[in-house]
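Pasting start-v6.pdb here (PDB, C-alpha atoms):
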```pdb
MODEL        1
ATOM      1  CA  MET A   1     164.200 -34.418 -19.406
ATOM      2  CA  PRO A   2     165.479 -35.083 -22.959
ATOM      3  CA  LEU A   3     165.969 -38.733 -23.921
ATOM      4  CA  GLY A   4     169.463 -40.090 -24.435
ATOM      5  CA  ARG A   5     170.315 -41.357 -27.898
ATOM      6  CA  SER A   6     170.097 -45.041 -26.984
ATOM      7  CA  ARG A   7     166.858 -44.584 -25.105
ATOM      8  CA  TYR A   8     165.471 -42.564 -28.013
ATOM      9  CA  LEU A   9     166.248 -45.407 -30.417
ATOM     10  CA  GLN A  10     164.645 -47.928 -28.079
ATOM     11  CA  PHE A  11     161.549 -45.754 -27.817
ATOM     12  CA  ALA A  12     161.351 -45.352 -31.609
ATOM     13  CA  CYS A  13     161.642 -49.114 -32.076
ATOM     14  CA  LEU A  14     158.840 -49.669 -29.596
ATOM     15  CA  LEU A  15     156.624 -47.224 -31.510
ATOM     16  CA  VAL A  16     157.354 -48.979 -34.801
ATOM     17  CA  ALA A  17     156.680 -52.377 -33.266
ATOM     18  CA  ALA A  18     153.422 -51.155 -31.796
ATOM     19  CA  GLY A  19     152.385 -49.716 -35.139
ATOM     20  CA  LEU A  20     153.173 -52.962 -36.885
ATOM     21  CA  ALA A  21     151.209 -54.884 -34.269
ATOM     22  CA  ILE A  22     148.202 -52.623 -34.715
ATOM     23  CA  PHE A  23     148.454 -52.808 -38.490
ATOM     24  CA  GLY A  24     148.768 -56.572 -38.300
ATOM     25  CA  THR A  25     145.676 -56.790 -36.121
ATOM     26  CA  VAL A  26     143.716 -54.650 -38.553
ATOM     27  CA  ALA A  27     144.929 -56.776 -41.444
ATOM     28  CA  VAL A  28     143.895 -59.991 -39.691
ATOM     29  CA  LEU A  29     140.499 -58.545 -38.812
ATOM     30  CA  GLY A  30     140.086 -57.457 -42.398
ATOM     31  CA  GLN A  31     140.474 -61.079 -43.468
ATOM     32  CA  ARG A  32     137.837 -62.405 -41.100
ATOM     33  CA  PRO A  33     135.184 -64.389 -42.964
ATOM     34  CA  THR A  34     131.818 -62.712 -43.225
ATOM     35  CA  TRP A  35     128.377 -63.561 -44.529
ATOM     36  CA  THR A  36     127.353 -62.201 -47.926
ATOM     37  CA  LEU A  37     123.701 -61.611 -48.789
ATOM     38  CA  MET A  38     123.332 -63.310 -52.170
ATOM     39  CA  THR A  39     119.693 -62.305 -52.549
ATOM     40  CA  PRO A  40     117.285 -60.593 -50.151
ATOM     41  CA  GLN A  41     114.306 -62.288 -51.777
ATOM     42  CA  ALA A  42     114.518 -65.550 -53.686
ATOM     43  CA  ALA A  43     111.788 -66.471 -56.163
ATOM     44  CA  TRP A  44     110.137 -68.948 -53.769
ATOM     45  CA  GLN A  45     107.637 -67.817 -51.134
ATOM     46  CA  PRO A  46     109.191 -67.189 -47.695
ATOM     47  CA  ARG A  47     109.030 -70.340 -45.575
ATOM     48  CA  ASP A  48     110.628 -72.529 -42.973
ATOM     49  CA  SER A  49     110.833 -76.274 -42.239
ATOM     50  CA  GLN A  50     111.500 -77.171 -45.892
ATOM     51  CA  GLY A  51     113.602 -80.077 -47.049
ATOM     52  CA  GLU A  52     116.966 -79.225 -48.575
ATOM     53  CA  LEU A  53     119.974 -80.859 -50.206
ATOM     54  CA  VAL A  54     122.710 -80.394 -52.818
ATOM     55  CA  TYR A  55     122.386 -82.521 -55.945
ATOM     56  CA  GLY A  56     123.462 -82.317 -59.576
ATOM     57  CA  GLY A  57     125.468 -79.125 -59.117
ATOM     58  CA  ARG A  58     122.500 -77.273 -57.616
ATOM     59  CA  MET A  59     120.921 -76.413 -54.262
ATOM     60  CA  TRP A  60     117.374 -77.702 -53.804
ATOM     61  CA  ILE A  61     114.459 -76.948 -51.479
ATOM     62  CA  PHE A  62     111.242 -78.964 -51.117
ATOM     63  CA  GLY A  63     107.947 -77.818 -49.613
ATOM     64  CA  GLY A  64     108.056 -76.448 -46.051
ATOM     65  CA  TRP A  65     105.706 -74.423 -43.821
ATOM     66  CA  PHE A  66     103.805 -71.167 -44.367
ATOM     67  CA  ASP A  67     101.510 -71.268 -41.328
ATOM     68  CA  SER A  68      99.810 -73.787 -39.036
ATOM     69  CA  TYR A  69      96.411 -73.513 -40.718
ATOM     70  CA  SER A  70      97.389 -74.364 -44.270
ATOM     71  CA  ALA A  71      98.488 -77.541 -45.970
ATOM     72  CA  PRO A  72     102.254 -77.422 -46.570
ATOM     73  CA  PRO A  73     103.492 -76.431 -50.029
ATOM     74  CA  ARG A  74     104.519 -79.123 -52.484
ATOM     75  CA  ASP A  75     106.765 -77.062 -54.737
ATOM     76  CA  VAL A  76     110.360 -77.869 -55.681
ATOM     77  CA  TRP A  77     113.013 -75.258 -56.437
ATOM     78  CA  SER A  78     116.687 -75.367 -57.384
ATOM     79  CA  SER A  79     119.546 -72.930 -57.920
ATOM     80  CA  ALA A  80     123.075 -73.061 -59.323
ATOM     81  CA  ASP A  81     124.210 -69.800 -57.705
ATOM     82  CA  GLY A  82     121.860 -68.991 -54.796
ATOM     83  CA  LYS A  83     120.544 -65.924 -56.622
ATOM     84  CA  GLU A  84     118.434 -67.297 -59.452
ATOM     85  CA  TRP A  85     115.989 -70.015 -58.397
ATOM     86  CA  VAL A  86     114.032 -72.148 -60.844
ATOM     87  CA  LYS A  87     110.698 -73.764 -59.994
ATOM     88  CA  VAL A  88     110.972 -77.405 -61.045
ATOM     89  CA  THR A  89     107.395 -78.309 -60.129
ATOM     90  CA  ASP A  90     104.558 -76.627 -58.301
ATOM     91  CA  THR A  91     102.885 -79.823 -57.108
ATOM     92  CA  ALA A  92     105.035 -82.835 -56.279
ATOM     93  CA  PRO A  93     103.178 -86.111 -55.519
ATOM     94  CA  TRP A  94     104.255 -86.176 -51.864
ATOM     95  CA  LYS A  95     102.298 -84.003 -49.419
ATOM     96  CA  HIS A  96     104.010 -84.398 -46.007
ATOM     97  CA  SER A  97     106.563 -81.670 -46.666
ATOM     98  CA  ASP A  98     106.614 -79.897 -43.281
ATOM     99  CA  LEU A  99     109.762 -81.037 -41.424
ATOM    100  CA  PRO A 100     110.503 -83.968 -43.760
ATOM    101  CA  MET A 101     113.813 -85.813 -43.940
ATOM    102  CA  THR A 102     115.799 -85.238 -47.151
ATOM    103  CA  VAL A 103     119.101 -86.731 -48.301
ATOM    104  CA  VAL A 104     121.085 -87.718 -51.405
ATOM    105  CA  HIS A 105     121.703 -91.455 -51.831
ATOM    106  CA  ASN A 106     122.558 -93.621 -54.852
ATOM    107  CA  ASP A 107     122.529 -90.586 -57.171
ATOM    108  CA  ARG A 108     118.949 -89.740 -56.285
ATOM    109  CA  MET A 109     117.214 -87.193 -54.088
ATOM    110  CA  TRP A 110     115.111 -88.656 -51.284
ATOM    111  CA  LEU A 111     112.231 -87.186 -49.247
ATOM    112  CA  MET A 112     110.854 -89.194 -46.319
ATOM    113  CA  GLY A 113     108.337 -88.802 -43.525
ATOM    114  CA  GLY A 114     107.231 -85.286 -42.564
ATOM    115  CA  TRP A 115     104.028 -83.615 -41.362
ATOM    116  CA  TYR A 116     100.853 -82.674 -43.245
ATOM    117  CA  ASN A 117      98.066 -80.136 -42.587
ATOM    118  CA  GLY A 118      99.479 -78.184 -39.646
ATOM    119  CA  ARG A 119      96.806 -77.932 -36.926
ATOM    120  CA  LEU A 120      93.944 -78.667 -39.330
ATOM    121  CA  PRO A 121      91.739 -81.780 -39.293
ATOM    122  CA  GLY A 122      93.418 -84.677 -41.049
ATOM    123  CA  ARG A 123      96.866 -83.687 -39.839
ATOM    124  CA  GLU A 124      99.311 -86.548 -39.717
ATOM    125  CA  ALA A 125     102.887 -87.741 -39.909
ATOM    126  CA  SER A 126     104.155 -89.994 -42.679
ATOM    127  CA  ASN A 127     106.462 -92.926 -43.244
ATOM    128  CA  GLU A 128     106.340 -92.673 -47.016
ATOM    129  CA  VAL A 129     109.654 -92.708 -48.904
ATOM    130  CA  TRP A 130     110.018 -90.900 -52.245
ATOM    131  CA  SER A 131     112.956 -90.414 -54.609
ATOM    132  CA  SER A 132     113.751 -88.438 -57.762
ATOM    133  CA  GLU A 133     116.536 -87.869 -60.259
ATOM    134  CA  ASN A 134     115.284 -84.488 -61.477
ATOM    135  CA  GLY A 135     112.952 -83.014 -58.842
ATOM    136  CA  ALA A 136     109.949 -83.120 -61.162
ATOM    137  CA  ASP A 137     109.340 -86.870 -61.435
ATOM    138  CA  TRP A 138     109.074 -88.737 -58.126
ATOM    139  CA  THR A 139     108.942 -92.477 -57.420
ATOM    140  CA  LEU A 140     107.284 -93.895 -54.310
ATOM    141  CA  ALA A 141     109.718 -96.424 -52.843
ATOM    142  CA  THR A 142     107.270 -97.407 -50.108
ATOM    143  CA  SER A 143     104.057 -96.020 -48.658
ATOM    144  CA  ALA A 144     104.872 -97.509 -45.248
ATOM    145  CA  ALA A 145     108.516 -97.869 -44.274
ATOM    146  CA  GLY A 146     109.517-100.152 -41.407
ATOM    147  CA  TRP A 147     109.855 -97.176 -39.083
ATOM    148  CA  SER A 148     106.718 -95.553 -37.687
ATOM    149  CA  PRO A 149     105.300 -92.349 -39.232
ATOM    150  CA  ARG A 150     107.333 -89.372 -38.032
ATOM    151  CA  LEU A 151     108.682 -85.903 -38.652
ATOM    152  CA  ALA A 152     111.814 -83.956 -37.715
ATOM    153  CA  ALA A 153     114.054 -87.012 -37.463
ATOM    154  CA  GLY A 154     117.761 -87.036 -38.181
ATOM    155  CA  VAL A 155     118.801 -88.413 -41.564
ATOM    156  CA  VAL A 156     122.178 -89.224 -43.148
ATOM    157  CA  ALA A 157     123.658 -91.255 -45.977
ATOM    158  CA  PHE A 158     126.357 -93.458 -44.458
ATOM    159  CA  LYS A 159     128.198 -96.576 -45.632
ATOM    160  CA  GLY A 160     125.927 -97.094 -48.637
ATOM    161  CA  ARG A 161     122.697 -96.782 -46.676
ATOM    162  CA  ILE A 162     120.087 -94.171 -45.698
ATOM    163  CA  TRP A 163     119.744 -93.783 -41.933
ATOM    164  CA  ILE A 164     116.723 -92.437 -40.002
ATOM    165  CA  LEU A 165     117.390 -91.432 -36.389
ATOM    166  CA  GLY A 166     114.688 -90.572 -33.838
ATOM    167  CA  GLY A 167     111.947 -88.038 -34.522
ATOM    168  CA  ALA A 168     108.375 -87.467 -33.316
ATOM    169  CA  ASP A 169     105.115 -89.040 -34.458
ATOM    170  CA  SER A 170     103.148 -85.809 -33.999
ATOM    171  CA  TYR A 171     103.911 -82.116 -34.276
ATOM    172  CA  TYR A 172     101.294 -80.299 -32.190
ATOM    173  CA  ASP A 173      99.471 -83.082 -30.364
ATOM    174  CA  GLY A 174     102.019 -84.288 -27.817
ATOM    175  CA  GLY A 175     103.021 -87.434 -29.680
ATOM    176  CA  GLN A 176     105.741 -89.901 -28.834
ATOM    177  CA  LEU A 177     109.400 -89.074 -29.255
ATOM    178  CA  ARG A 178     111.709 -91.707 -30.704
ATOM    179  CA  ASN A 179     115.325 -92.760 -30.321
ATOM    180  CA  ASP A 180     115.262 -95.725 -32.673
ATOM    181  CA  VAL A 181     117.656 -96.046 -35.612
ATOM    182  CA  TRP A 182     116.797 -97.560 -39.004
ATOM    183  CA  SER A 183     118.695 -97.970 -42.271
ATOM    184  CA  SER A 184     118.037 -98.978 -45.859
ATOM    185  CA  VAL A 185     120.007 -99.684 -49.010
ATOM    186  CA  ASP A 186     117.135 -98.999 -51.400
ATOM    187  CA  GLY A 187     114.602 -96.870 -49.463
ATOM    188  CA  THR A 188     112.067 -99.690 -49.652
ATOM    189  CA  HIS A 189     113.394-102.308 -47.258
ATOM    190  CA  TRP A 190     114.381-101.036 -43.812
ATOM    191  CA  VAL A 191     116.346-102.695 -41.011
ATOM    192  CA  GLN A 192     116.246-101.552 -37.403
ATOM    193  CA  ALA A 193     119.758-101.000 -36.023
ATOM    194  CA  THR A 194     118.470-100.341 -32.499
ATOM    195  CA  ALA A 195     115.107 -99.710 -30.868
ATOM    196  CA  SER A 196     116.705 -97.464 -28.260
ATOM    197  CA  ALA A 197     119.935 -95.599 -28.964
ATOM    198  CA  GLY A 198     122.161 -94.215 -26.190
ATOM    199  CA  TRP A 199     120.788 -90.692 -26.653
ATOM    200  CA  SER A 200     117.385 -89.769 -25.229
ATOM    201  CA  PRO A 201     114.240 -89.801 -27.421
ATOM    202  CA  ARG A 202     114.035 -86.541 -29.375
ATOM    203  CA  ALA A 203     112.966 -84.610 -32.474
ATOM    204  CA  TYR A 204     114.034 -81.314 -34.057
ATOM    205  CA  HIS A 205     117.670 -82.397 -33.681
ATOM    206  CA  GLN A 206     120.357 -82.822 -36.313
ATOM    207  CA  ALA A 207     122.444 -85.697 -37.608
ATOM    208  CA  ALA A 208     125.585 -85.583 -39.750
ATOM    209  CA  VAL A 209     128.381 -87.832 -40.960
ATOM    210  CA  PHE A 210     131.671 -86.566 -39.601
ATOM    211  CA  ASN A 211     135.044 -88.257 -39.041
ATOM    212  CA  ASP A 212     133.542 -91.488 -40.435
ATOM    213  CA  ARG A 213     130.879 -91.576 -37.713
ATOM    214  CA  ILE A 214     127.216 -90.625 -37.427
ATOM    215  CA  PHE A 215     126.725 -87.663 -35.093
ATOM    216  CA  VAL A 216     123.418 -86.837 -33.369
ATOM    217  CA  PHE A 217     123.083 -83.637 -31.357
ATOM    218  CA  GLY A 218     120.651 -81.148 -29.837
ATOM    219  CA  GLY A 219     116.904 -81.257 -30.278
ATOM    220  CA  GLY A 220     114.243 -82.341 -27.807
ATOM    221  CA  ASN A 221     110.499 -81.655 -27.750
ATOM    222  CA  TYR A 222     108.320 -78.667 -28.699
ATOM    223  CA  VAL A 223     104.849 -79.116 -27.165
ATOM    224  CA  PRO A 224     103.214 -79.789 -24.788
ATOM    225  CA  ASP A 225     106.278 -80.388 -22.633
ATOM    226  CA  TYR A 226     109.160 -78.362 -24.031
ATOM    227  CA  HIS A 227     112.693 -79.519 -23.408
ATOM    228  CA  ALA A 228     115.922 -79.035 -25.325
ATOM    229  CA  ASN A 229     119.355 -80.616 -25.349
ATOM    230  CA  ASN A 230     122.893 -79.639 -26.241
ATOM    231  CA  ASP A 231     124.457 -83.067 -25.910
ATOM    232  CA  VAL A 232     126.478 -84.679 -28.720
ATOM    233  CA  TRP A 233     126.639 -88.388 -29.537
ATOM    234  CA  SER A 234     128.404 -90.413 -32.218
ATOM    235  CA  SER A 235     128.399 -93.944 -33.603
ATOM    236  CA  ALA A 236     130.400 -95.955 -36.128
ATOM    237  CA  ASP A 237     127.561 -98.381 -36.831
ATOM    238  CA  GLY A 238     124.272 -96.828 -35.687
ATOM    239  CA  ILE A 239     124.007 -99.405 -32.896
ATOM    240  CA  THR A 240     126.590 -98.483 -30.280
ATOM    241  CA  TRP A 241     126.647 -94.814 -29.304
ATOM    242  CA  ARG A 242     129.305 -92.753 -27.525
ATOM    243  CA  GLN A 243     128.539 -89.490 -25.750
ATOM    244  CA  GLU A 244     131.028 -86.876 -26.945
ATOM    245  CA  THR A 245     129.749 -84.254 -24.519
ATOM    246  CA  ALA A 246     126.749 -83.860 -22.235
ATOM    247  CA  ALA A 247     126.737 -80.089 -22.748
ATOM    248  CA  ALA A 248     128.273 -78.425 -25.806
ATOM    249  CA  GLY A 249     129.233 -74.738 -25.687
ATOM    250  CA  TRP A 250     126.043 -73.620 -27.430
ATOM    251  CA  HIS A 251     122.703 -73.201 -25.642
ATOM    252  CA  PRO A 252     120.229 -76.136 -25.762
ATOM    253  CA  ARG A 253     117.832 -75.672 -28.677
ATOM    254  CA  LEU A 254     115.457 -77.022 -31.307
ATOM    255  CA  TRP A 255     115.055 -76.309 -35.029
ATOM    256  CA  PHE A 256     118.683 -75.516 -35.775
ATOM    257  CA  SER A 257     120.683 -76.579 -38.833
ATOM    258  CA  ALA A 258     123.937 -78.449 -39.258
ATOM    259  CA  ALA A 259     126.612 -79.066 -41.893
ATOM    260  CA  VAL A 260     130.103 -80.456 -42.376
ATOM    261  CA  TYR A 261     132.387 -77.863 -43.913
ATOM    262  CA  ARG A 262     136.163 -77.336 -43.913
ATOM    263  CA  ASN A 263     136.749 -80.466 -41.834
ATOM    264  CA  ARG A 264     134.505 -79.188 -39.080
ATOM    265  CA  LEU A 265     131.002 -79.995 -37.881
ATOM    266  CA  TRP A 266     128.782 -76.888 -37.751
ATOM    267  CA  MET A 267     125.725 -75.938 -35.670
ATOM    268  CA  ILE A 268     123.773 -72.915 -36.969
ATOM    269  CA  GLY A 269     120.879 -70.889 -35.537
ATOM    270  CA  GLY A 270     117.755 -72.430 -34.028
ATOM    271  CA  TRP A 271     115.184 -71.663 -31.343
ATOM    272  CA  SER A 272     114.714 -72.178 -27.628
ATOM    273  CA  ASP A 273     111.865 -71.597 -25.205
ATOM    274  CA  LYS A 274     114.084 -70.941 -22.174
ATOM    275  CA  PRO A 275     115.013 -68.244 -22.975
ATOM    276  CA  TYR A 276     112.282 -67.746 -25.591
ATOM    277  CA  LYS A 277     114.271 -66.625 -28.618
ATOM    278  CA  ASN A 278     115.656 -67.289 -32.048
ATOM    279  CA  TRP A 279     119.391 -67.857 -32.188
ATOM    280  CA  GLY A 280     121.769 -66.339 -34.735
ATOM    281  CA  ASP A 281     124.983 -67.934 -33.534
ATOM    282  CA  VAL A 282     127.302 -70.264 -35.448
ATOM    283  CA  TRP A 283     129.494 -72.898 -33.763
ATOM    284  CA  SER A 284     131.879 -75.544 -35.063
ATOM    285  CA  THR A 285     133.969 -78.421 -33.760
ATOM    286  CA  ARG A 286     136.721 -80.747 -34.921
ATOM    287  CA  ASP A 287     135.832 -83.561 -32.521
ATOM    288  CA  GLY A 288     132.251 -83.073 -31.303
ATOM    289  CA  ARG A 289     133.417 -82.229 -27.808
ATOM    290  CA  THR A 290     135.046 -78.807 -27.981
ATOM    291  CA  TRP A 291     132.982 -76.176 -29.803
ATOM    292  CA  GLU A 292     134.112 -72.738 -30.985
ATOM    293  CA  LYS A 293     131.843 -69.808 -31.773
ATOM    294  CA  LEU A 294     132.361 -68.126 -35.151
ATOM    295  CA  LYS A 295     132.355 -64.331 -35.019
ATOM    296  CA  THR A 296     131.817 -62.442 -38.257
ATOM    297  CA  PRO A 297     131.600 -58.701 -39.036
ATOM    298  CA  ARG A 298     128.237 -59.239 -40.745
ATOM    299  CA  ALA A 299     125.584 -61.899 -40.246
ATOM    300  CA  TRP A 300     121.985 -62.802 -40.949
ATOM    301  CA  ARG A 301     119.150 -62.121 -38.542
ATOM    302  CA  ALA A 302     118.559 -64.822 -35.900
ATOM    303  CA  ARG A 303     116.204 -67.542 -37.157
ATOM    304  CA  HIS A 304     115.085 -71.142 -36.969
ATOM    305  CA  GLU A 305     114.186 -73.958 -39.373
ATOM    306  CA  HIS A 306     116.260 -72.463 -42.184
ATOM    307  CA  SER A 307     118.035 -74.465 -44.868
ATOM    308  CA  VAL A 308     121.800 -74.938 -44.786
ATOM    309  CA  PHE A 309     123.909 -76.144 -47.708
ATOM    310  CA  VAL A 310     127.592 -76.789 -48.384
ATOM    311  CA  PHE A 311     127.979 -75.779 -52.016
ATOM    312  CA  GLN A 312     130.808 -74.399 -54.180
ATOM    313  CA  ASP A 313     133.127 -74.376 -51.158
ATOM    314  CA  LYS A 314     130.769 -72.119 -49.232
ATOM    315  CA  LEU A 315     128.367 -72.472 -46.337
ATOM    316  CA  TRP A 316     124.871 -71.286 -47.342
ATOM    317  CA  ILE A 317     121.723 -70.317 -45.442
ATOM    318  CA  ALA A 318     118.312 -69.950 -47.085
ATOM    319  CA  GLY A 319     114.932 -68.927 -45.718
ATOM    320  CA  GLY A 320     113.745 -69.773 -42.219
ATOM    321  CA  HIS A 321     111.689 -68.035 -39.570
ATOM    322  CA  ALA A 322     113.389 -64.781 -38.588
ATOM    323  CA  GLU A 323     110.133 -63.167 -37.429
ATOM    324  CA  PRO A 324     108.743 -63.076 -40.063
ATOM    325  CA  LEU A 325     109.426 -65.853 -42.543
ATOM    326  CA  ASN A 326     111.889 -64.886 -45.256
ATOM    327  CA  SER A 327     113.425 -66.038 -48.534
ATOM    328  CA  GLU A 328     116.892 -64.578 -48.038
ATOM    329  CA  VAL A 329     119.962 -66.478 -49.211
ATOM    330  CA  TRP A 330     123.348 -65.907 -47.520
ATOM    331  CA  ALA A 331     126.786 -67.436 -48.161
ATOM    332  CA  LEU A 332     130.021 -67.678 -46.183
ATOM    333  CA  HIS A 333     133.435 -68.667 -47.509
ATOM    334  CA  ILE A 334     136.256 -69.672 -45.172
ATOM    335  CA  ARG A 335     139.730 -69.925 -46.604
TER
ENDMDL
END
```
Structure translated into structure tokens:
Amino acid sequence: MPLGRSRYLQFACLLVAAGLAIFGTVAVLGQRPTWTLMTPQAAWQPRDSQGELVYGGRMWIFGGWFDSYSAPPRDVWSSADGKEWVKVTDTAPWKHSDLPMTVVHNDRMWLMGGWYNGRLPGREASNEVWSSENGADWTLATSAAGWSPRLAAGVVAFKGRIWILGGADSYYDGGQLRNDVWSSVDGTHWVQATASAGWSPRAYHQAAVFNDRIFVFGGGNYVPDYHANNDVWSSADGITWRQETAAAGWHPRLWFSAAVYRNRLWMIGGWSDKPYKNWGDVWSTRDGRTWEKLKTPRAWRARHEHSVFVFQDKLWIAGGHAEPLNSEVWALHIR
């Protein structure tokens, strides 16, 4: 039956509206942020577990891990664009560069703790504290900080102090996990804020300063008794801790990375044993309690112990273990 004039006009309007809706959806999808591969192979040897930070208008990486039967590298690299990387030194004076803690404080780069010699004889954790203004010349602030030797602790710069949070005193040998919190103004003299924070003892977690609080989240233990968390805690002073959530939206994991970008706290990648897999997901939150998963048209291969930077208004990922190790550098810009 032919349509009446009024019904025809209504039908035409519906078609136009539908077309606009579809076009609008396509337009919105076209504006979705996506990861850009800045270089498939940076100048440094593929690695994971390196230290990383942003300093002096450049991204920096320090040392890391090649395999469990080699001493960790002691090289230092930096880049102003993520594509071209410059070797600053091949042999820094520190040697515990597998899973160290790195941070910028008082206009200097700091490297603390870490693991040396993989599974080889003489393997050990460190409580040395080093700093540098240029990446080539390093000063030993102390050979034995107040906190016990450890690796894979959380670290932040907060309220004019460096903070060390938790960690493990051994990598492969079933050492003790920590949930103590220490801070220092100068890297030499350390004060214990608490011997036992509200969160459980852990390593391979992350810490970040967000909303004027220290956040600690995820992590757990690798061997011999694997366990992983996805809880989130925060503190205004490093002493009193508040649980933001016992179970964030992302799967419990170790060896992930974190950043604060665009007024959100980010959790990126990582590894779990149950299920046994690398993760390639990206989550963010505005409050530490409610987490949202970022979906992008293009992304990097799932990995763990990669470096993450916030640099030039972008979120960056470099290296990590994506089966195999790699030296890729990716960037993401969110408007």
Problem - Atomic separation - atom CA of A:Ser148 relative to atom CA of A:Trp163, Å - result: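 These atoms are spaced 13.8 Å apart.
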Pull the closest atom pair for each residue of stretch 50-93 of chain A that gets at most 9 Å from stretch 99-102 of chain A, along with the distance in Å to one decimal, counting only C-alpha atoms, ordering rows by chain and then ascending residue number, as CSV.
```
residue,atom,partner,partner_atom,distance
A:Gln50,CA,A:Leu99,CA,6.2
A:Gly51,CA,A:Thr102,CA,5.6
A:Glu52,CA,A:Thr102,CA,6.3
A:Leu53,CA,A:Thr102,CA,6.8
A:Phe62,CA,A:Thr102,CA,8.7
A:Gly63,CA,A:Pro100,CA,8.9
A:Gly64,CA,A:Leu99,CA,6.7
A:Trp65,CA,A:Leu99,CA,8.1
```
Output C-alpha atoms of each residue in that selection to a file, as a short mmCIF file (atom, residue, chain, number, x, y, z; two decimals), in the coordinates of the input.
```cif
data_model
loop_
_atom_site.label_atom_id
_atom_site.label_comp_id
_atom_site.auth_asym_id
_atom_site.auth_seq_id
_atom_site.Cartn_x
_atom_site.Cartn_y
_atom_site.Cartn_z
CA GLN A 50 111.50 -77.17 -45.89
CA GLY A 51 113.60 -80.08 -47.05
CA GLU A 52 116.97 -79.22 -48.58
CA LEU A 53 119.97 -80.86 -50.21
CA PHE A 62 111.24 -78.96 -51.12
CA GLY A 63 107.95 -77.82 -49.61
CA GLY A 64 108.06 -76.45 -46.05
CA TRP A 65 105.71 -74.42 -43.82
#
```
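Distances to A:Glu244 were evaluated for A:Gly187, A:Gly269, A:Gly198, A:Gly219 using all atoms listed in the file, and the minimum falls at A:Gly198.
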Practice task
Quote the spacing between atom CA of A:Gly122 and atom CA of A:Ser70 in Å to one decimal place.
Solution key: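 Atom-to-atom, atom CA of A:Gly122 to atom CA of A:Ser70, that is 11.5 Å.
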Fill in the blank from the handout: If you count all atoms listed in the file, the residue of A:Gln206, A:Phe215, A:Arg119, A:Ala157 closest to A:Asp173 turns out to be A:Arg119
Practice task
Go through A:Thr290, A:Asn117, A:Asn229, A:Ser234 one by one, measure the shortest atom-to-atom distance of each to A:Gly249 using only C-alpha atoms, and give the residue with the smallest value.
Solution key: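 The closest residue to A:Gly249 is A:Thr290.
With atom CA of A:Pro149 on one side and atom CA of A:Leu165 on the other, the separation reads 12.5 Å.
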Exercise for the section: Measuring atom to atom with all atoms listed in the file, identify which of A:Arg32, A:Tyr261, A:Asn326, A:Val232 is nearest to A:Phe311. Expected result: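 Selected residue with least distance to A:Phe311: A:Tyr261.
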Practice task
For the structure shown, which residues end up in the PyMOL selection byres ((chain A and resi 240-242) around 12)? Put them as an NGL selection string, please?
Solution key: :A and (179-181 or 193-200 or 213-217 or 231-239 or 243-246 or 288-289)
Practice task
Can you pull out every residue within 12 Å of A:Glu133, counting only C-alpha atoms, but drop anything in the same chain fewer than 4 positions away, and send it as a ChimeraX atom specification?
Solution key: /A:55-56,88,104-111,137-139
Exercise for the section: For each of A:Ala168, A:Pro121, A:Leu177, A:Ala258, take the minimum atom-to-atom distance to A:Val156, counting only C-alpha atoms, then give the residue where this is smallest. Expected result: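 Among A:Ala168, A:Pro121, A:Leu177, A:Ala258, it is A:Ala258 that comes nearest to A:Val156.
With all atoms listed in the file as the atoms that count, the residue of A:Arg161, A:Trp300, A:Ser307, A:Ala248 with the shortest distance to A:Pro40 is A:Trp300.
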Problem - Nearby residues, (116.2, -72.9, -34.6) file frame, 12 Å, all atoms listed in the file, as a VMD selection string - result: chain A and resid 48 to 49 204 to 206 218 to 220 222 228 251 to 258 267 to 273 276 to 282 301 to 308 319 to 323
Practice task
Can you turn the PyMOL selection byres ((chain A and resi 314) around 12) into a concrete residue list for this file, as a ChimeraX atom specification?
Solution key: /A:33-36,38,59,81-82,259-262,308-313,315-317,330-335
Got a sec: who's within 8 Å of A:Ser284, counting only C-alpha atoms, leaving out chain neighbours fewer than 6 positions off, as a CSV table (one decimal) with C-alpha atoms, in the coordinates of the input?
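Okay, selection.csv is ready:
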```
chain,number,residue,atom,x,y,z
A,264,ARG,CA,134.5,-79.2,-39.1
A,265,LEU,CA,131.0,-80.0,-37.9
A,266,TRP,CA,128.8,-76.9,-37.8
A,267,MET,CA,125.7,-75.9,-35.7
A,291,TRP,CA,133.0,-76.2,-29.8
A,292,GLU,CA,134.1,-72.7,-31.0
A,293,LYS,CA,131.8,-69.8,-31.8
A,294,LEU,CA,132.4,-68.1,-35.2
```
